[in-house]
>>> print(open('input.pdb').read())   # PDB, C-alpha atoms
ATOM      1  CA  MET A1177      -1.714 -11.815  13.873  1.00  0.00           C
ATOM      2  CA  THR A1178      -4.713 -13.908  14.945  1.00  0.00           C
ATOM      3  CA  VAL A1179      -6.164 -14.344  18.372  1.00  0.00           C
ATOM      4  CA  ASP A1180      -7.979 -17.484  19.462  1.00  0.00           C
ATOM      5  CA  VAL A1181     -11.609 -16.619  20.163  1.00  0.00           C
ATOM      6  CA  GLY A1182     -11.336 -18.485  23.448  1.00  0.00           C
ATOM      7  CA  GLN A1183      -8.463 -16.250  24.529  1.00  0.00           C
ATOM      8  CA  ARG A1184      -9.889 -12.804  23.906  1.00  0.00           C
ATOM      9  CA  ARG A1185      -8.090 -10.096  25.747  1.00  0.00           C
ATOM     10  CA  ARG A1186      -8.948  -6.530  26.412  1.00  0.00           C
ATOM     11  CA  LEU A1187      -7.247  -4.105  24.062  1.00  0.00           C
ATOM     12  CA  GLU A1188      -7.431  -0.357  23.727  1.00  0.00           C
ATOM     13  CA  PRO A1189      -9.791   0.720  20.916  1.00  0.00           C
ATOM     14  CA  ASP A1190      -6.946   1.754  18.569  1.00  0.00           C
ATOM     15  CA  ALA A1191      -5.126  -1.537  19.142  1.00  0.00           C
ATOM     16  CA  ARG A1192      -8.308  -3.542  18.605  1.00  0.00           C
ATOM     17  CA  ARG A1193      -9.072  -1.639  15.385  1.00  0.00           C
ATOM     18  CA  GLU A1194      -5.516  -2.257  14.162  1.00  0.00           C
ATOM     19  CA  GLN A1195      -5.822  -5.948  15.008  1.00  0.00           C
ATOM     20  CA  ILE A1196      -9.048  -6.244  12.994  1.00  0.00           C
ATOM     21  CA  LEU A1197      -7.483  -4.381  10.078  1.00  0.00           C
ATOM     22  CA  LEU A1198      -4.413  -6.653  10.055  1.00  0.00           C
ATOM     23  CA  VAL A1199      -6.643  -9.715   9.873  1.00  0.00           C
ATOM     24  CA  ALA A1200      -8.693  -8.117   7.085  1.00  0.00           C
ATOM     25  CA  VAL A1201      -5.518  -7.284   5.116  1.00  0.00           C
ATOM     26  CA  ARG A1202      -4.401 -10.899   5.357  1.00  0.00           C
ATOM     27  CA  LEU A1203      -7.779 -12.467   4.528  1.00  0.00           C
ATOM     28  CA  PHE A1204      -8.633 -10.186   1.601  1.00  0.00           C
ATOM     29  CA  GLY A1205      -5.113 -10.699   0.271  1.00  0.00           C
ATOM     30  CA  GLU A1206      -5.422 -14.474   0.492  1.00  0.00           C
ATOM     31  CA  ARG A1207      -8.985 -14.909  -0.761  1.00  0.00           C
ATOM     32  CA  GLY A1208     -10.197 -11.733  -2.433  1.00  0.00           C
ATOM     33  CA  TRP A1209     -13.314  -9.659  -1.906  1.00  0.00           C
ATOM     34  CA  ALA A1210     -15.978 -12.239  -2.703  1.00  0.00           C
ATOM     35  CA  ASP A1211     -14.649 -14.994  -0.436  1.00  0.00           C
ATOM     36  CA  VAL A1212     -14.254 -13.042   2.804  1.00  0.00           C
ATOM     37  CA  SER A1213     -17.077 -12.034   5.139  1.00  0.00           C
ATOM     38  CA  THR A1214     -17.021  -9.688   8.104  1.00  0.00           C
ATOM     39  CA  GLY A1215     -17.694 -12.813  10.168  1.00  0.00           C
ATOM     40  CA  ASP A1216     -14.446 -14.327   8.857  1.00  0.00           C
ATOM     41  CA  VAL A1217     -12.573 -11.196   9.854  1.00  0.00           C
ATOM     42  CA  ALA A1218     -14.199 -11.160  13.288  1.00  0.00           C
ATOM     43  CA  ARG A1219     -13.307 -14.813  13.899  1.00  0.00           C
ATOM     44  CA  GLY A1220      -9.731 -14.250  12.772  1.00  0.00           C
ATOM     45  CA  ALA A1221      -9.379 -11.261  15.093  1.00  0.00           C
ATOM     46  CA  GLY A1222     -11.149 -12.974  17.996  1.00  0.00           C
ATOM     47  CA  VAL A1223     -13.856 -10.320  18.252  1.00  0.00           C
ATOM     48  CA  ALA A1224     -17.599 -10.115  17.844  1.00  0.00           C
ATOM     49  CA  ARG A1225     -18.771  -9.331  14.325  1.00  0.00           C
ATOM     50  CA  GLY A1226     -20.506  -6.216  15.609  1.00  0.00           C
ATOM     51  CA  LEU A1227     -17.134  -4.799  16.591  1.00  0.00           C
ATOM     52  CA  VAL A1228     -15.915  -5.082  12.994  1.00  0.00           C
ATOM     53  CA  ASN A1229     -19.014  -3.156  11.906  1.00  0.00           C
ATOM     54  CA  HIS A1230     -18.513  -0.634  14.705  1.00  0.00           C
ATOM     55  CA  TYR A1231     -14.995   0.240  13.568  1.00  0.00           C
ATOM     56  CA  PHE A1232     -15.375  -0.102   9.811  1.00  0.00           C
ATOM     57  CA  GLY A1233     -19.070  -0.121   8.884  1.00  0.00           C
ATOM     58  CA  THR A1234     -19.877  -2.416   5.993  1.00  0.00           C
ATOM     59  CA  LYS A1235     -17.723  -5.082   4.394  1.00  0.00           C
ATOM     60  CA  LYS A1236     -17.099  -2.715   1.485  1.00  0.00           C
ATOM     61  CA  GLU A1237     -15.935   0.069   3.796  1.00  0.00           C
ATOM     62  CA  LEU A1238     -13.583  -2.394   5.498  1.00  0.00           C
ATOM     63  CA  TYR A1239     -12.248  -3.476   2.116  1.00  0.00           C
ATOM     64  CA  LEU A1240     -11.701   0.140   1.050  1.00  0.00           C
ATOM     65  CA  GLU A1241      -9.680   0.698   4.219  1.00  0.00           C
ATOM     66  CA  VAL A1242      -7.594  -2.386   3.438  1.00  0.00           C
ATOM     67  CA  ILE A1243      -6.837  -1.015  -0.041  1.00  0.00           C
ATOM     68  CA  ARG A1244      -6.050   2.414   1.411  1.00  0.00           C
ATOM     69  CA  VAL A1245      -3.629   0.951   3.969  1.00  0.00           C
ATOM     70  CA  MET A1246      -1.890  -1.310   1.461  1.00  0.00           C
ATOM     71  CA  LEU A1247      -1.419   1.371  -1.202  1.00  0.00           C
ATOM     72  CA  THR A1248      -0.904   4.641   0.677  1.00  0.00           C
ATOM     73  CA  VAL A1249       2.667   5.594   1.459  1.00  0.00           C
ATOM     74  CA  PRO A1250       2.745   6.578   5.149  1.00  0.00           C
ATOM     75  CA  PRO A1251       4.562   9.715   6.345  1.00  0.00           C
ATOM     76  CA  SER A1252       6.889   7.455   8.353  1.00  0.00           C
ATOM     77  CA  ALA A1253       8.354   6.130   5.079  1.00  0.00           C
ATOM     78  CA  LEU A1254       9.380   9.619   4.063  1.00  0.00           C
ATOM     79  CA  ALA A1255      10.883  10.215   7.499  1.00  0.00           C
ATOM     80  CA  ARG A1256      13.208   7.233   6.881  1.00  0.00           C
ATOM     81  CA  VAL A1257      14.671   8.707   3.696  1.00  0.00           C
ATOM     82  CA  PRO A1258      18.203   9.672   4.725  1.00  0.00           C
ATOM     83  CA  PRO A1259      19.596  13.113   4.088  1.00  0.00           C
ATOM     84  CA  GLY A1260      22.197  13.200   1.395  1.00  0.00           C
ATOM     85  CA  ASP A1261      22.528  13.322  -2.331  1.00  0.00           C
ATOM     86  CA  LEU A1262      19.760  12.453  -4.746  1.00  0.00           C
ATOM     87  CA  PRO A1263      21.036   8.926  -5.578  1.00  0.00           C
ATOM     88  CA  THR A1264      21.045   8.041  -1.867  1.00  0.00           C
ATOM     89  CA  ARG A1265      17.503   9.336  -1.375  1.00  0.00           C
ATOM     90  CA  ALA A1266      16.212   7.629  -4.540  1.00  0.00           C
ATOM     91  CA  ASP A1267      17.811   4.341  -3.504  1.00  0.00           C
ATOM     92  CA  SER A1268      16.208   4.612  -0.077  1.00  0.00           C
ATOM     93  CA  ILE A1269      12.651   5.254  -1.291  1.00  0.00           C
ATOM     94  CA  VAL A1270      12.872   2.429  -3.853  1.00  0.00           C
ATOM     95  CA  SER A1271      14.270   0.055  -1.210  1.00  0.00           C
ATOM     96  CA  TRP A1272      11.446   0.965   1.178  1.00  0.00           C
ATOM     97  CA  PHE A1273       8.824   0.319  -1.532  1.00  0.00           C
ATOM     98  CA  LEU A1274      10.283  -3.058  -2.471  1.00  0.00           C
ATOM     99  CA  ASP A1275      10.536  -4.094   1.182  1.00  0.00           C
ATOM    100  CA  VAL A1276       6.862  -3.294   1.756  1.00  0.00           C
ATOM    101  CA  VAL A1277       5.503  -4.972  -1.366  1.00  0.00           C
ATOM    102  CA  SER A1278       7.563  -8.113  -0.820  1.00  0.00           C
ATOM    103  CA  ARG A1279       6.619  -8.373   2.864  1.00  0.00           C
ATOM    104  CA  HIS A1280       2.905  -7.985   2.071  1.00  0.00           C
ATOM    105  CA  SER A1281       2.955  -9.325  -1.478  1.00  0.00           C
ATOM    106  CA  THR A1282      -0.350 -11.223  -1.448  1.00  0.00           C
ATOM    107  CA  SER A1283      -2.285  -8.377   0.148  1.00  0.00           C
ATOM    108  CA  TRP A1284      -0.548  -5.708  -1.927  1.00  0.00           C
ATOM    109  CA  LEU A1285      -1.248  -7.543  -5.190  1.00  0.00           C
ATOM    110  CA  GLY A1286      -4.856  -8.008  -4.125  1.00  0.00           C
ATOM    111  CA  ALA A1287      -5.170  -4.300  -3.400  1.00  0.00           C
ATOM    112  CA  ILE A1288      -3.650  -3.035  -6.652  1.00  0.00           C
ATOM    113  CA  THR A1289      -5.822  -5.368  -8.701  1.00  0.00           C
ATOM    114  CA  ALA A1290      -8.884  -4.463  -6.594  1.00  0.00           C
ATOM    115  CA  GLY A1291      -9.226  -8.178  -5.740  1.00  0.00           C
ATOM    116  CA  GLY A1292     -12.634  -8.816  -7.226  1.00  0.00           C
ATOM    117  CA  MET A1293     -13.963  -5.249  -7.132  1.00  0.00           C
ATOM    118  CA  ALA A1294     -12.430  -3.827 -10.287  1.00  0.00           C
ATOM    119  CA  ALA A1295     -14.367  -1.000 -11.917  1.00  0.00           C
ATOM    120  CA  ASP A1296     -16.029  -0.054  -8.621  1.00  0.00           C
ATOM    121  CA  ALA A1297     -16.075   3.751  -8.374  1.00  0.00           C
ATOM    122  CA  ASP A1298     -15.180   3.789  -4.664  1.00  0.00           C
ATOM    123  CA  VAL A1299     -12.283   1.376  -5.153  1.00  0.00           C
ATOM    124  CA  ASP A1300     -11.032   3.427  -8.118  1.00  0.00           C
ATOM    125  CA  ARG A1301     -11.201   6.584  -5.984  1.00  0.00           C
ATOM    126  CA  VAL A1302      -9.195   5.028  -3.123  1.00  0.00           C
ATOM    127  CA  ILE A1303      -6.560   3.713  -5.543  1.00  0.00           C
ATOM    128  CA  SER A1304      -6.311   7.106  -7.255  1.00  0.00           C
ATOM    129  CA  GLU A1305      -5.926   8.868  -3.892  1.00  0.00           C
ATOM    130  CA  ALA A1306      -3.169   6.431  -2.904  1.00  0.00           C
ATOM    131  CA  ILE A1307      -1.348   7.114  -6.178  1.00  0.00           C
ATOM    132  CA  ASP A1308      -1.599  10.866  -5.516  1.00  0.00           C
ATOM    133  CA  VAL A1309      -0.111  10.433  -2.047  1.00  0.00           C
ATOM    134  CA  ALA A1310       2.676   8.224  -3.413  1.00  0.00           C
ATOM    135  CA  ALA A1311       3.450  10.773  -6.139  1.00  0.00           C
ATOM    136  CA  ASP A1312       3.667  13.546  -3.534  1.00  0.00           C
ATOM    137  CA  GLN A1313       5.964  11.403  -1.395  1.00  0.00           C
ATOM    138  CA  VAL A1314       8.237  10.626  -4.354  1.00  0.00           C
ATOM    139  CA  LEU A1315       8.498  14.325  -5.189  1.00  0.00           C
ATOM    140  CA  THR A1316       9.309  15.171  -1.582  1.00  0.00           C
ATOM    141  CA  ALA A1317      11.896  12.380  -1.375  1.00  0.00           C
ATOM    142  CA  VAL A1318      13.745  13.729  -4.429  1.00  0.00           C
ATOM    143  CA  GLY A1319      13.597  17.323  -3.193  1.00  0.00           C
ATOM    144  CA  ARG A1320      10.809  18.541  -5.471  1.00  0.00           C
ATOM    145  CA  PRO A1321       7.763  18.889  -3.166  1.00  0.00           C
ATOM    146  CA  GLY A1322       4.704  20.636  -4.493  1.00  0.00           C
ATOM    147  CA  GLY A1323       5.273  21.588  -8.073  1.00  0.00           C
ATOM    148  CA  ASN A1324       2.931  22.147 -10.955  1.00  0.00           C
ATOM    149  CA  SER A1325       0.364  19.761 -12.395  1.00  0.00           C
ATOM    150  CA  ALA A1326       2.769  18.470 -15.067  1.00  0.00           C
ATOM    151  CA  LEU A1327       5.358  17.533 -12.443  1.00  0.00           C
ATOM    152  CA  HIS A1328       2.714  15.787 -10.345  1.00  0.00           C
ATOM    153  CA  ALA A1329       1.456  13.908 -13.413  1.00  0.00           C
ATOM    154  CA  MET A1330       4.992  12.742 -14.147  1.00  0.00           C
ATOM    155  CA  ALA A1331       5.363  11.535 -10.568  1.00  0.00           C
ATOM    156  CA  ARG A1332       2.041   9.684 -10.844  1.00  0.00           C
ATOM    157  CA  SER A1333       3.382   8.038 -14.010  1.00  0.00           C
ATOM    158  CA  TYR A1334       6.472   6.951 -12.102  1.00  0.00           C
ATOM    159  CA  VAL A1335       4.246   5.412  -9.408  1.00  0.00           C
ATOM    160  CA  GLY A1336       2.439   3.515 -12.171  1.00  0.00           C
ATOM    161  CA  LEU A1337       5.770   2.219 -13.466  1.00  0.00           C
ATOM    162  CA  ALA A1338       6.812   1.177  -9.959  1.00  0.00           C
ATOM    163  CA  THR A1339       3.548  -0.690  -9.465  1.00  0.00           C
ATOM    164  CA  SER A1340       3.734  -2.435 -12.820  1.00  0.00           C
ATOM    165  CA  THR A1341       7.388  -3.388 -12.364  1.00  0.00           C
ATOM    166  CA  ALA A1342       6.769  -4.763  -8.867  1.00  0.00           C
ATOM    167  CA  ARG A1343       3.965  -6.913 -10.304  1.00  0.00           C
ATOM    168  CA  GLU A1344       6.371  -8.300 -12.909  1.00  0.00           C
ATOM    169  CA  TRP A1345       8.663  -9.329 -10.070  1.00  0.00           C
ATOM    170  CA  LEU A1346       6.093 -10.622  -7.580  1.00  0.00           C
ATOM    171  CA  GLN A1347       3.446 -12.121  -9.873  1.00  0.00           C
ATOM    172  CA  ARG A1348       5.281 -13.286 -12.942  1.00  0.00           C
ATOM    173  CA  GLY A1349       8.791 -13.781 -11.599  1.00  0.00           C
ATOM    174  CA  ASP A1350      10.324 -12.478 -14.830  1.00  0.00           C
ATOM    175  CA  LEU A1351      12.419  -9.885 -12.981  1.00  0.00           C
ATOM    176  CA  THR A1352      14.539 -10.185  -9.863  1.00  0.00           C
ATOM    177  CA  ARG A1353      14.340  -7.743  -6.985  1.00  0.00           C
ATOM    178  CA  ALA A1354      17.793  -6.427  -7.963  1.00  0.00           C
ATOM    179  CA  GLN A1355      16.607  -5.758 -11.523  1.00  0.00           C
ATOM    180  CA  VAL A1356      13.472  -4.004 -10.280  1.00  0.00           C
ATOM    181  CA  HIS A1357      15.509  -1.916  -7.852  1.00  0.00           C
ATOM    182  CA  LYS A1358      17.957  -0.869 -10.560  1.00  0.00           C
ATOM    183  CA  LEU A1359      15.196  -0.039 -13.059  1.00  0.00           C
ATOM    184  CA  LEU A1360      13.164   2.041 -10.618  1.00  0.00           C
ATOM    185  CA  THR A1361      16.145   3.891  -9.163  1.00  0.00           C
ATOM    186  CA  ALA A1362      17.716   4.673 -12.542  1.00  0.00           C
ATOM    187  CA  THR A1363      14.373   5.773 -13.973  1.00  0.00           C
ATOM    188  CA  LEU A1364      13.659   8.083 -11.044  1.00  0.00           C
ATOM    189  CA  LEU A1365      17.111   9.665 -11.267  1.00  0.00           C
ATOM    190  CA  THR A1366      16.751  10.142 -15.025  1.00  0.00           C
ATOM    191  CA  MET A1367      13.297  11.676 -14.613  1.00  0.00           C
ATOM    192  CA  VAL A1368      14.557  14.155 -12.022  1.00  0.00           C
ATOM    193  CA  ASP A1369      17.646  15.031 -14.051  1.00  0.00           C
ATOM    194  CA  GLN A1370      16.248  15.113 -17.569  1.00  0.00           C
ATOM    195  CA  VAL A1371      12.445  15.114 -17.545  1.00  0.00           C
ATOM    196  CA  PHE A1372      11.018  16.968 -14.550  1.00  0.00           C
ATOM    197  CA  PRO A1373      10.352  20.629 -15.337  1.00  0.00           C
ATOM    198  CA  ASP A1374      12.449  23.158 -13.424  1.00  0.00           C
ATOM    199  CA  ALA A1375       9.480  25.065 -12.060  1.00  0.00           C
TER
END
>>> encode(input="input.pdb", output="structure tokens")
Amino acid sequence: MTVDVGQRRRLEPDARREQILLVAVRLFGERGWADVSTGDVARGAGVARGLVNHYFGTKKELYLEVIRVMLTVPPSALARVPPGDLPTRADSIVSWFLDVVSRHSTSWLGAITAGGMAADADVDRVISEAIDVAADQVLTAVGRPGGNSALHAMARSYVGLATSTAREWLQRGDLTRAQVHKLLTATLLTMVDQVFPDA
């Protein structure tokens, strides 16, 4: 969503912050870290550059928030997982993931590849935190919340597989969405049934 600078309207602080973040997600996804300035984001959102700095601080802090938003599974996603048997829940969480990454493919791909800021310690930390959250959400969705460190590590590995498989679909086009969905759902069910420890 972009707003013409000549048609600025008054928004509540949370709405204005969200508007700026949406523009930043789009711009960083389209151009990458090096080719986007906070001025570009401000112009796209129809706000003064100082407001971008007010809400997000530096360009790097804004970029870290973009990565966090694109990669962190929100609690609302888990709330949409229907009650029912494990195959139904697994199908639902995989469908949600594929819907999100396809809807925001450019920005999501930019975030997972750190769009020009690979090997930055802060970016690595944000990505790792997002993977932890996703692993926790997967475990909750399949009825195994909490768990020991081995179970959590297995769930993190599944998140890595999901990310890699989605890239094969979105970036390379070697897999269809249906193939990705089947692979991720079957793998998750197999992991729960045959790999995850009982305690």
>>> atom_distance(input="input.pdb", atom1="atom CA of A:Thr1234", atom2="atom CA of A:Leu1285")
22.3 Å
>>> resolve_selection(input="input.pdb", expression="the PyMOL selection byres ((chain A and resi 1268-1271) around 7)", output="list in words")
Val1257, Thr1264, Arg1265, Ala1266, Asp1267, Trp1272, Phe1273, Leu1274, Asp1275, His1357, Leu1360 and Thr1361 of chain A
>>> closest_residue(input="input.pdb", among="A:Arg1225, A:Lys1235, A:Arg1301, A:Arg1332", to="A:Phe1204", atoms="all atoms listed in the file")
A:Lys1235
>>> atom_distance(input="input.pdb", atom1="atom CA of A:Ala1354", atom2="atom CA of A:Thr1341")
11.7 Å
>>> residues_around(input="input.pdb", residues="A:His1280", least_positions_apart="4", cutoff="10 Å", atoms="only C-alpha atoms", output="VMD selection string")
chain A and resid 1201 to 1202 1205 1246 1274 to 1276 1284 to 1286
>>> axis_aligned_box(input="input.pdb", around="stretch 1262-1281 of chain A", padding_each_side="6 Å", output="JSON")
{"center_x": 12.0, "center_y": 1.6, "center_z": -1.4, "size_x": 30.1, "size_y": 33.8, "size_z": 20.4}
>>> atom_distance(input="input.pdb", atom1="atom CA of A:Ala1287", atom2="atom CA of A:Arg1193")
19.4 Å
>>> resolve_selection(input="input.pdb", expression="the PyMOL selection byres ((chain A and resi 1212) around 12)", output="number ranges by chain")
A: 1199-1211, 1213-1220, 1235-1236, 1238-1239, 1291-1292
>>> resolve_selection(input="input.pdb", expression="the PyMOL selection byres ((chain A and resi 1373) around 9)", output="PyMOL selection string")
chain A and resi 1323-1324+1326-1327+1368+1370-1372+1374-1375
>>> write_last_selection(input="input.pdb", atoms="C-alpha atoms", output="mmCIF file, in the frame of the given file")
data_model
loop_
_atom_site.group_PDB
_atom_site.id
_atom_site.type_symbol
_atom_site.label_atom_id
_atom_site.label_comp_id
_atom_site.auth_asym_id
_atom_site.auth_seq_id
_atom_site.Cartn_x
_atom_site.Cartn_y
_atom_site.Cartn_z
ATOM 1 C CA GLY A 1323 5.273 21.588 -8.073
ATOM 2 C CA ASN A 1324 2.931 22.147 -10.955
ATOM 3 C CA ALA A 1326 2.769 18.470 -15.067
ATOM 4 C CA LEU A 1327 5.358 17.533 -12.443
ATOM 5 C CA VAL A 1368 14.557 14.155 -12.022
ATOM 6 C CA GLN A 1370 16.248 15.113 -17.569
ATOM 7 C CA VAL A 1371 12.445 15.114 -17.545
ATOM 8 C CA PHE A 1372 11.018 16.968 -14.550
ATOM 9 C CA ASP A 1374 12.449 23.158 -13.424
ATOM 10 C CA ALA A 1375 9.480 25.065 -12.060
#
>>> closest_residue(input="input.pdb", among="A:Arg1353, A:Arg1192, A:Arg1244, A:Arg1343", to="A:His1230", atoms="all atoms listed in the file")
A:Arg1192
>>> closest_residue(input="input.pdb", among="A:Ile1196, A:Met1367, A:Val1318, A:Ala1342", to="A:Gly1226", atoms="all atoms listed in the file")
A:Ile1196
>>> build_atoms(input="input.pdb", residues="stretch 1334-1345 of chain A", atoms="N, CA and C atoms", output="PDB file, in the frame of the given file")
ATOM      1  N   TYR A1334       5.397   7.743 -12.706  1.00  0.00           N
ATOM      2  CA  TYR A1334       6.472   6.951 -12.102  1.00  0.00           C
ATOM      3  C   TYR A1334       5.891   5.930 -11.123  1.00  0.00           C
ATOM      4  N   VAL A1335       4.901   6.338 -10.341  1.00  0.00           N
ATOM      5  CA  VAL A1335       4.246   5.412  -9.408  1.00  0.00           C
ATOM      6  C   VAL A1335       3.606   4.260 -10.185  1.00  0.00           C
ATOM      7  N   GLY A1336       3.011   4.570 -11.333  1.00  0.00           N
ATOM      8  CA  GLY A1336       2.439   3.515 -12.171  1.00  0.00           C
ATOM      9  C   GLY A1336       3.503   2.545 -12.655  1.00  0.00           C
ATOM     10  N   LEU A1337       4.658   3.076 -13.048  1.00  0.00           N
ATOM     11  CA  LEU A1337       5.770   2.219 -13.466  1.00  0.00           C
ATOM     12  C   LEU A1337       6.236   1.342 -12.312  1.00  0.00           C
ATOM     13  N   ALA A1338       6.365   1.940 -11.124  1.00  0.00           N
ATOM     14  CA  ALA A1338       6.812   1.177  -9.959  1.00  0.00           C
ATOM     15  C   ALA A1338       5.839   0.045  -9.651  1.00  0.00           C
ATOM     16  N   THR A1339       4.571   0.323  -9.729  1.00  0.00           N
ATOM     17  CA  THR A1339       3.548  -0.690  -9.465  1.00  0.00           C
ATOM     18  C   THR A1339       3.613  -1.813 -10.486  1.00  0.00           C
ATOM     19  N   SER A1340       3.682  -1.439 -11.747  1.00  0.00           N
ATOM     20  CA  SER A1340       3.734  -2.435 -12.820  1.00  0.00           C
ATOM     21  C   SER A1340       4.996  -3.289 -12.735  1.00  0.00           C
ATOM     22  N   THR A1341       6.119  -2.670 -12.449  1.00  0.00           N
ATOM     23  CA  THR A1341       7.388  -3.388 -12.364  1.00  0.00           C
ATOM     24  C   THR A1341       7.399  -4.343 -11.170  1.00  0.00           C
ATOM     25  N   ALA A1342       6.847  -3.891 -10.044  1.00  0.00           N
ATOM     26  CA  ALA A1342       6.769  -4.763  -8.867  1.00  0.00           C
ATOM     27  C   ALA A1342       5.877  -5.968  -9.151  1.00  0.00           C
ATOM     28  N   ARG A1343       4.827  -5.776  -9.925  1.00  0.00           N
ATOM     29  CA  ARG A1343       3.965  -6.913 -10.304  1.00  0.00           C
ATOM     30  C   ARG A1343       4.729  -7.905 -11.169  1.00  0.00           C
ATOM     31  N   GLU A1344       5.562  -7.409 -12.080  1.00  0.00           N
ATOM     32  CA  GLU A1344       6.371  -8.300 -12.909  1.00  0.00           C
ATOM     33  C   GLU A1344       7.261  -9.188 -12.034  1.00  0.00           C
ATOM     34  N   TRP A1345       7.800  -8.598 -10.989  1.00  0.00           N
ATOM     35  CA  TRP A1345       8.663  -9.329 -10.070  1.00  0.00           C
ATOM     36  C   TRP A1345       7.863 -10.308  -9.206  1.00  0.00           C
TER      37      TRP A1345
END
